[in-house]
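In what follows, a structure is listed as structure tokens, so that the remarks can point back to it.
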Amino acid sequence: MAVARTPLIAGNWKMNLDHLQAVAFVQKLHWTLKDAAHEDGSVEVAVFPPFTDIRTVQTLIDADKIPFAFGAQDISTHDSGAYTGEVSGAFLSKLSCRYVIIGHSERREYHHETDEIVAAKVRAALKHGIVPVICVGETLEQREESGPTAVSVAQLRVALEAVSADDDFVVAYEPVWAIGTGQVASPEQAQEVCAALREVISEALGADVAAKTRVLYGGSVKSGNIASFMREPDVDGALVGGASLVVDEFASIIRFQKHVGV
């Protein structure tokens with residue numbers, strides 16, 4: 001029997017929006033979806049603000065009972081100690097973060113995070129009851145050299161060493177060559193890689209875990225292309241970058257079911 005996976009549309013704000021702008025954004029996004037008669041629960045909406053905004057976003061969502069999840073953009077491998085600038089999973093847990101993005105290509109490139117560091121961060125997130133959003137993806141050079149799936153599959157295999165069959169996690173496929181470039185993988189390309197990633201999950205943790213785990217696509221996702229990706233059987237949502245900073249555009253992406261035609 002096929003498992004119904006609730007689509008997840010996640011907005012990675014990266015280093016954008018201060019805590020006051022975060023309040024205005026979340027409120028306006030909520031009102032925009034309400035005005036459009038969006039059905040809460042048909043899609044899970046999550047926002048990933050900078051660390052300085054998380055407490056403000058938490059307070060607003062709790063006070064106004066806004067049906068959004070939220071998370072952090074990174075996590076330390078350490079629980080506490082002399083690690084200047086690091087943010088512990090214990091702290092994120094106290095802020096009720098449901099998710100944390102781990103292994104984003106920008107962290108891998110600019111902060112030299114290896115697959116082993118990503119696995120350690122996945123372990124840290126799970127230790128504190130936070131759902132890791134494990135990012136994988138290849139550069140154009142890697143794609144041309146190794147093919148479309150080899151890099152992402154290898155990255156995920158290492159990350160899954162930190163995961164058990166009882167853990168909740170999300171995988172996000174983000175081809176590096178499509179992030180912020182305007183280039184977009186075709187739905188067929190996204191499906192090929194997402195299907196391969198689901199097979200890796202099945203090999204590592206079993207078919208039941210693979211069937212229930214959400215695999216997202218990210219990379220220049222917009223309201224004009226989201227529906228085509230969501231028609232693919234192994235694409236369960238999107239990790240959205242730049243478009244998640246524009247309220248009307250992000251709301252339209254969340255409402256992709258109105259555009260799918262099924």
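By convention here, the chains of the structure tokens are called A, B, ... in the order presented, each chain's residues are numbered starting at 1, and ligands are numbered starting at 1 in the order presented.
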
I'd like the contact shell of Ser42 (chain A) - 10 Å cut-off, only C-alpha atoms, skipping same-chain residues fewer than 3 positions apart - returned as a list in words.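 Surrounding residues, per the criterion: Thr6, Pro7, Leu8, His38, Glu39, Val45, Ile254, Arg255 and Gln257 of chain A.
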
Write out as a ChimeraX atom specification each polymer residue whose atoms come within 10 Å of Leu92 (chain A), counting only C-alpha atoms; drop sequence neighbours fewer than 4 positions from it. /A:51,54-55,71-72,74-75,87-88,96-100,125,128-130

Output file for the selection above: C-alpha atoms, as a JSON list (two decimals), in the first residue's frame:
```
[["chain", "number", "residue", "atom", "x", "y", "z"],
["A", 51, "PHE", "CA", 19.23, 32.37, 14.46],
["A", 54, "ILE", "CA", 13.93, 32.26, 15.83],
["A", 55, "ARG", "CA", 12.65, 33.35, 19.24],
["A", 71, "GLY", "CA", 13.53, 25.59, 12.16],
["A", 72, "ALA", "CA", 17.16, 26.63, 12.12],
["A", 74, "ASP", "CA", 22.43, 25.04, 11.03],
["A", 75, "ILE", "CA", 23.34, 23.23, 14.24],
["A", 87, "VAL", "CA", 24.51, 27.12, 18.37],
["A", 88, "SER", "CA", 23.64, 23.94, 20.25],
["A", 96, "SER", "CA", 10.68, 24.45, 19.88],
["A", 97, "CYS", "CA", 12.42, 24.21, 16.53],
["A", 98, "ARG", "CA", 10.90, 21.30, 14.66],
["A", 99, "TYR", "CA", 13.51, 21.23, 11.90],
["A", 100, "VAL", "CA", 17.11, 22.11, 11.14],
["A", 125, "ALA", "CA", 19.78, 17.12, 15.76],
["A", 128, "HIS", "CA", 17.70, 16.79, 20.77],
["A", 129, "GLY", "CA", 14.48, 15.73, 19.06],
["A", 130, "ILE", "CA", 14.90, 17.98, 16.02]]
```

Step one, run DSSP on the backbone; step two, keep only residues of region 179-228 of chain A assigned to helix (DSSP H, G or I); then write them as a PyMOL selection string. chain A and resi 187-205+207-212+226-228

For Ala124 (chain A), which residue among A:Gln142, A:Thr77, A:Thr84, A:Ser164 is the nearest when counting only C-alpha atoms? A:Thr77

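Considering the residues A:Pro175, A:Pro233, A:Gly224, A:Pro132 and counting only C-alpha atoms, Ala195 (chain A) has its shortest atom-to-atom contact with A:Pro233.
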
Counting only C-alpha atoms, which residues of region 15-132 of chain A sit at most 12 Å from some atom of region 210-223 of chain A, and what is each one's closest atom pair with its distance in Å to one decimal, listed by chain and rising residue number, as a tab-separated table?
```
residue	atom	partner	partner_atom	distance
A:Glu44	CA	A:Arg214	CA	11.3
A:His104	CA	A:Gly218	CA	10.5
A:Ser105	CA	A:Gly219	CA	10.9
A:Val131	CA	A:Thr213	CA	11.4
A:Pro132	CA	A:Arg214	CA	11.5
```

Residues just named, written with C-alpha atoms as a PDB file, in the first residue's frame:
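File result24.pdb, as written:
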```
ATOM      1  CA  GLU A  44       3.116  21.557   5.726  1.00  0.00           C
ATOM      2  CA  HIS A 104      23.334  22.873   2.664  1.00  0.00           C
ATOM      3  CA  SER A 105      25.681  23.395  -0.282  1.00  0.00           C
ATOM      4  CA  VAL A 131      14.116  16.696  12.523  1.00  0.00           C
ATOM      5  CA  PRO A 132      17.143  17.078  10.237  1.00  0.00           C
TER       6      PRO A 132
END
```

Name the residues in contact with region 227-230 of chain A at a cut-off of 9 Å, using only C-alpha atoms, excluding same-chain residues fewer than 2 positions from it; report them as a PDB file with N, CA and C atoms, in the first residue's frame.
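Output contents, as saved in result-v7.pdb:
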```
ATOM      1  N   PRO A   7       2.977  16.864   1.702  1.00  0.00           N
ATOM      2  CA  PRO A   7       4.000  17.710   1.083  1.00  0.00           C
ATOM      3  C   PRO A   7       4.546  18.729   2.071  1.00  0.00           C
ATOM      4  N   SER A 186      15.163  19.713 -14.701  1.00  0.00           N
ATOM      5  CA  SER A 186      13.836  19.367 -15.215  1.00  0.00           C
ATOM      6  C   SER A 186      13.134  18.468 -14.198  1.00  0.00           C
ATOM      7  N   PRO A 187      11.810  18.401 -14.251  1.00  0.00           N
ATOM      8  CA  PRO A 187      11.108  17.475 -13.356  1.00  0.00           C
ATOM      9  C   PRO A 187      11.616  16.046 -13.486  1.00  0.00           C
ATOM     10  N   GLU A 188      11.960  15.654 -14.698  1.00  0.00           N
ATOM     11  CA  GLU A 188      12.456  14.295 -14.907  1.00  0.00           C
ATOM     12  C   GLU A 188      13.823  14.102 -14.255  1.00  0.00           C
ATOM     13  N   ALA A 190      14.934  15.807 -11.623  1.00  0.00           N
ATOM     14  CA  ALA A 190      14.691  15.794 -10.180  1.00  0.00           C
ATOM     15  C   ALA A 190      14.154  14.432  -9.739  1.00  0.00           C
ATOM     16  N   GLN A 191      13.231  13.883 -10.503  1.00  0.00           N
ATOM     17  CA  GLN A 191      12.645  12.590 -10.166  1.00  0.00           C
ATOM     18  C   GLN A 191      13.697  11.491 -10.185  1.00  0.00           C
ATOM     19  N   TYR A 217      12.793  18.781  -3.450  1.00  0.00           N
ATOM     20  CA  TYR A 217      13.666  19.336  -4.481  1.00  0.00           C
ATOM     21  C   TYR A 217      13.914  20.806  -4.157  1.00  0.00           C
ATOM     22  N   SER A 223       6.862  29.743  -8.337  1.00  0.00           N
ATOM     23  CA  SER A 223       5.452  29.373  -8.484  1.00  0.00           C
ATOM     24  C   SER A 223       5.163  28.824  -9.877  1.00  0.00           C
ATOM     25  N   GLY A 224       5.955  29.258 -10.852  1.00  0.00           N
ATOM     26  CA  GLY A 224       5.721  28.821 -12.220  1.00  0.00           C
ATOM     27  C   GLY A 224       6.213  27.417 -12.530  1.00  0.00           C
ATOM     28  N   ASN A 225       7.059  26.837 -11.670  1.00  0.00           N
ATOM     29  CA  ASN A 225       7.561  25.488 -11.962  1.00  0.00           C
ATOM     30  C   ASN A 225       7.268  24.469 -10.868  1.00  0.00           C
ATOM     31  N   GLU A 232       5.764  14.645  -9.891  1.00  0.00           N
ATOM     32  CA  GLU A 232       6.656  13.490  -9.901  1.00  0.00           C
ATOM     33  C   GLU A 232       6.449  12.657  -8.634  1.00  0.00           C
ATOM     34  N   PRO A 233       6.449  11.336  -8.754  1.00  0.00           N
ATOM     35  CA  PRO A 233       6.067  10.476  -7.617  1.00  0.00           C
ATOM     36  C   PRO A 233       7.021  10.512  -6.426  1.00  0.00           C
ATOM     37  N   ASP A 234       8.292  10.847  -6.652  1.00  0.00           N
ATOM     38  CA  ASP A 234       9.248  10.826  -5.545  1.00  0.00           C
ATOM     39  C   ASP A 234       9.648  12.217  -5.073  1.00  0.00           C
ATOM     40  N   VAL A 235       8.969  13.255  -5.543  1.00  0.00           N
ATOM     41  CA  VAL A 235       9.211  14.626  -5.078  1.00  0.00           C
ATOM     42  C   VAL A 235       8.066  15.011  -4.144  1.00  0.00           C
ATOM     43  N   ASP A 236       8.406  15.250  -2.884  1.00  0.00           N
ATOM     44  CA  ASP A 236       7.382  15.454  -1.848  1.00  0.00           C
ATOM     45  C   ASP A 236       7.318  16.883  -1.333  1.00  0.00           C
ATOM     46  N   GLY A 237       7.957  17.800  -2.048  1.00  0.00           N
ATOM     47  CA  GLY A 237       7.930  19.185  -1.614  1.00  0.00           C
ATOM     48  C   GLY A 237       9.139  19.916  -2.124  1.00  0.00           C
ATOM     49  N   ALA A 238       9.405  21.088  -1.551  1.00  0.00           N
ATOM     50  CA  ALA A 238      10.496  21.919  -2.040  1.00  0.00           C
ATOM     51  C   ALA A 238      11.179  22.650  -0.898  1.00  0.00           C
ATOM     52  N   ILE A 253       3.614  29.239  -4.219  1.00  0.00           N
ATOM     53  CA  ILE A 253       4.312  27.953  -4.213  1.00  0.00           C
ATOM     54  C   ILE A 253       3.636  26.997  -3.236  1.00  0.00           C
ATOM     55  N   PHE A 256       0.573  25.098  -4.470  1.00  0.00           N
ATOM     56  CA  PHE A 256       0.862  24.439  -5.740  1.00  0.00           C
ATOM     57  C   PHE A 256      -0.264  23.524  -6.185  1.00  0.00           C
ATOM     58  N   GLN A 257      -1.037  22.989  -5.230  1.00  0.00           N
ATOM     59  CA  GLN A 257      -2.109  22.052  -5.586  1.00  0.00           C
ATOM     60  C   GLN A 257      -3.160  22.710  -6.476  1.00  0.00           C
ATOM     61  N   LYS A 258      -3.264  24.018  -6.422  1.00  0.00           N
ATOM     62  CA  LYS A 258      -4.206  24.738  -7.277  1.00  0.00           C
ATOM     63  C   LYS A 258      -3.722  24.765  -8.725  1.00  0.00           C
ATOM     64  N   HIS A 259      -2.398  24.475  -8.922  1.00  0.00           N
ATOM     65  CA  HIS A 259      -1.825  24.545 -10.246  1.00  0.00           C
ATOM     66  C   HIS A 259      -1.547  23.178 -10.839  1.00  0.00           C
ATOM     67  N   VAL A 260      -1.586  22.143  -9.994  1.00  0.00           N
ATOM     68  CA  VAL A 260      -1.204  20.806 -10.470  1.00  0.00           C
ATOM     69  C   VAL A 260      -2.227  20.227 -11.423  1.00  0.00           C
ATOM     70  N   GLY A 261      -3.474  20.468 -11.156  1.00  0.00           N
ATOM     71  CA  GLY A 261      -4.522  19.982 -12.046  1.00  0.00           C
ATOM     72  C   GLY A 261      -4.848  18.520 -11.849  1.00  0.00           C
TER      73      GLY A 261
END
```

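Interatomic distance, CA of Val3 (chain A) against CA of Ala204 (chain A): 18.6 Å.
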
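Nearest-residue note for Val163 (chain A): choosing from A:Thr56, A:Gln183, A:Leu205, A:Pro148, the minimum distance belongs to A:Leu205, counting only C-alpha atoms.
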
Nearest to Val26 (chain A), chosen from A:Leu60, A:Ala120, A:Ala82, A:Val171, with only C-alpha atoms counted in the distances: A:Leu60

So which residues touch Pro49 (chain A) within 9 Å, counting only C-alpha atoms, skipping near sequence neighbours fewer than 5 positions away, as a PDB file with C-alpha atoms, in the first residue's frame?
```pdb
ATOM      1  CA  GLY A  11      11.454  28.487   3.032  1.00  0.00           C
ATOM      2  CA  ASN A  12      15.180  28.929   3.679  1.00  0.00           C
ATOM      3  CA  TRP A  13      15.628  32.648   4.367  1.00  0.00           C
ATOM      4  CA  LYS A  14      19.426  32.315   4.484  1.00  0.00           C
ATOM      5  CA  MET A  15      20.988  35.547   5.810  1.00  0.00           C
ATOM      6  CA  ASN A  16      17.942  37.740   5.176  1.00  0.00           C
ATOM      7  CA  LEU A  17      15.275  39.483   7.298  1.00  0.00           C
ATOM      8  CA  ASP A  18      15.901  40.827  10.783  1.00  0.00           C
ATOM      9  CA  HIS A  19      13.536  39.897  13.621  1.00  0.00           C
ATOM     10  CA  ALA A  22      10.394  38.342  10.224  1.00  0.00           C
ATOM     11  CA  ILE A  54      13.926  32.264  15.826  1.00  0.00           C
ATOM     12  CA  VAL A  57       9.084  33.717  15.080  1.00  0.00           C
ATOM     13  CA  PHE A  70       9.926  26.582  11.856  1.00  0.00           C
ATOM     14  CA  GLY A  71      13.532  25.587  12.156  1.00  0.00           C
ATOM     15  CA  ALA A  72      17.157  26.634  12.121  1.00  0.00           C
ATOM     16  CA  GLN A  73      19.604  26.843   9.242  1.00  0.00           C
TER      17      GLN A  73
END
```

Counting only C-alpha atoms, which of A:Ala178, A:Val122, A:His111, A:Val158 gets nearest to Glu138 (chain A)? A:Ala178

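Compared by their closest atoms to Phe25 (chain A), and using only C-alpha atoms, the residues A:Ala37, A:Val47, A:Thr181, A:Leu95 rank with A:Val47 nearest.
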
Please run DSSP on the backbone and report, as a ChimeraX atom specification, all residues within region 83-242 of chain A that come out as strand (DSSP E). /A:99-102,131-136,170-173,214-217,237-240
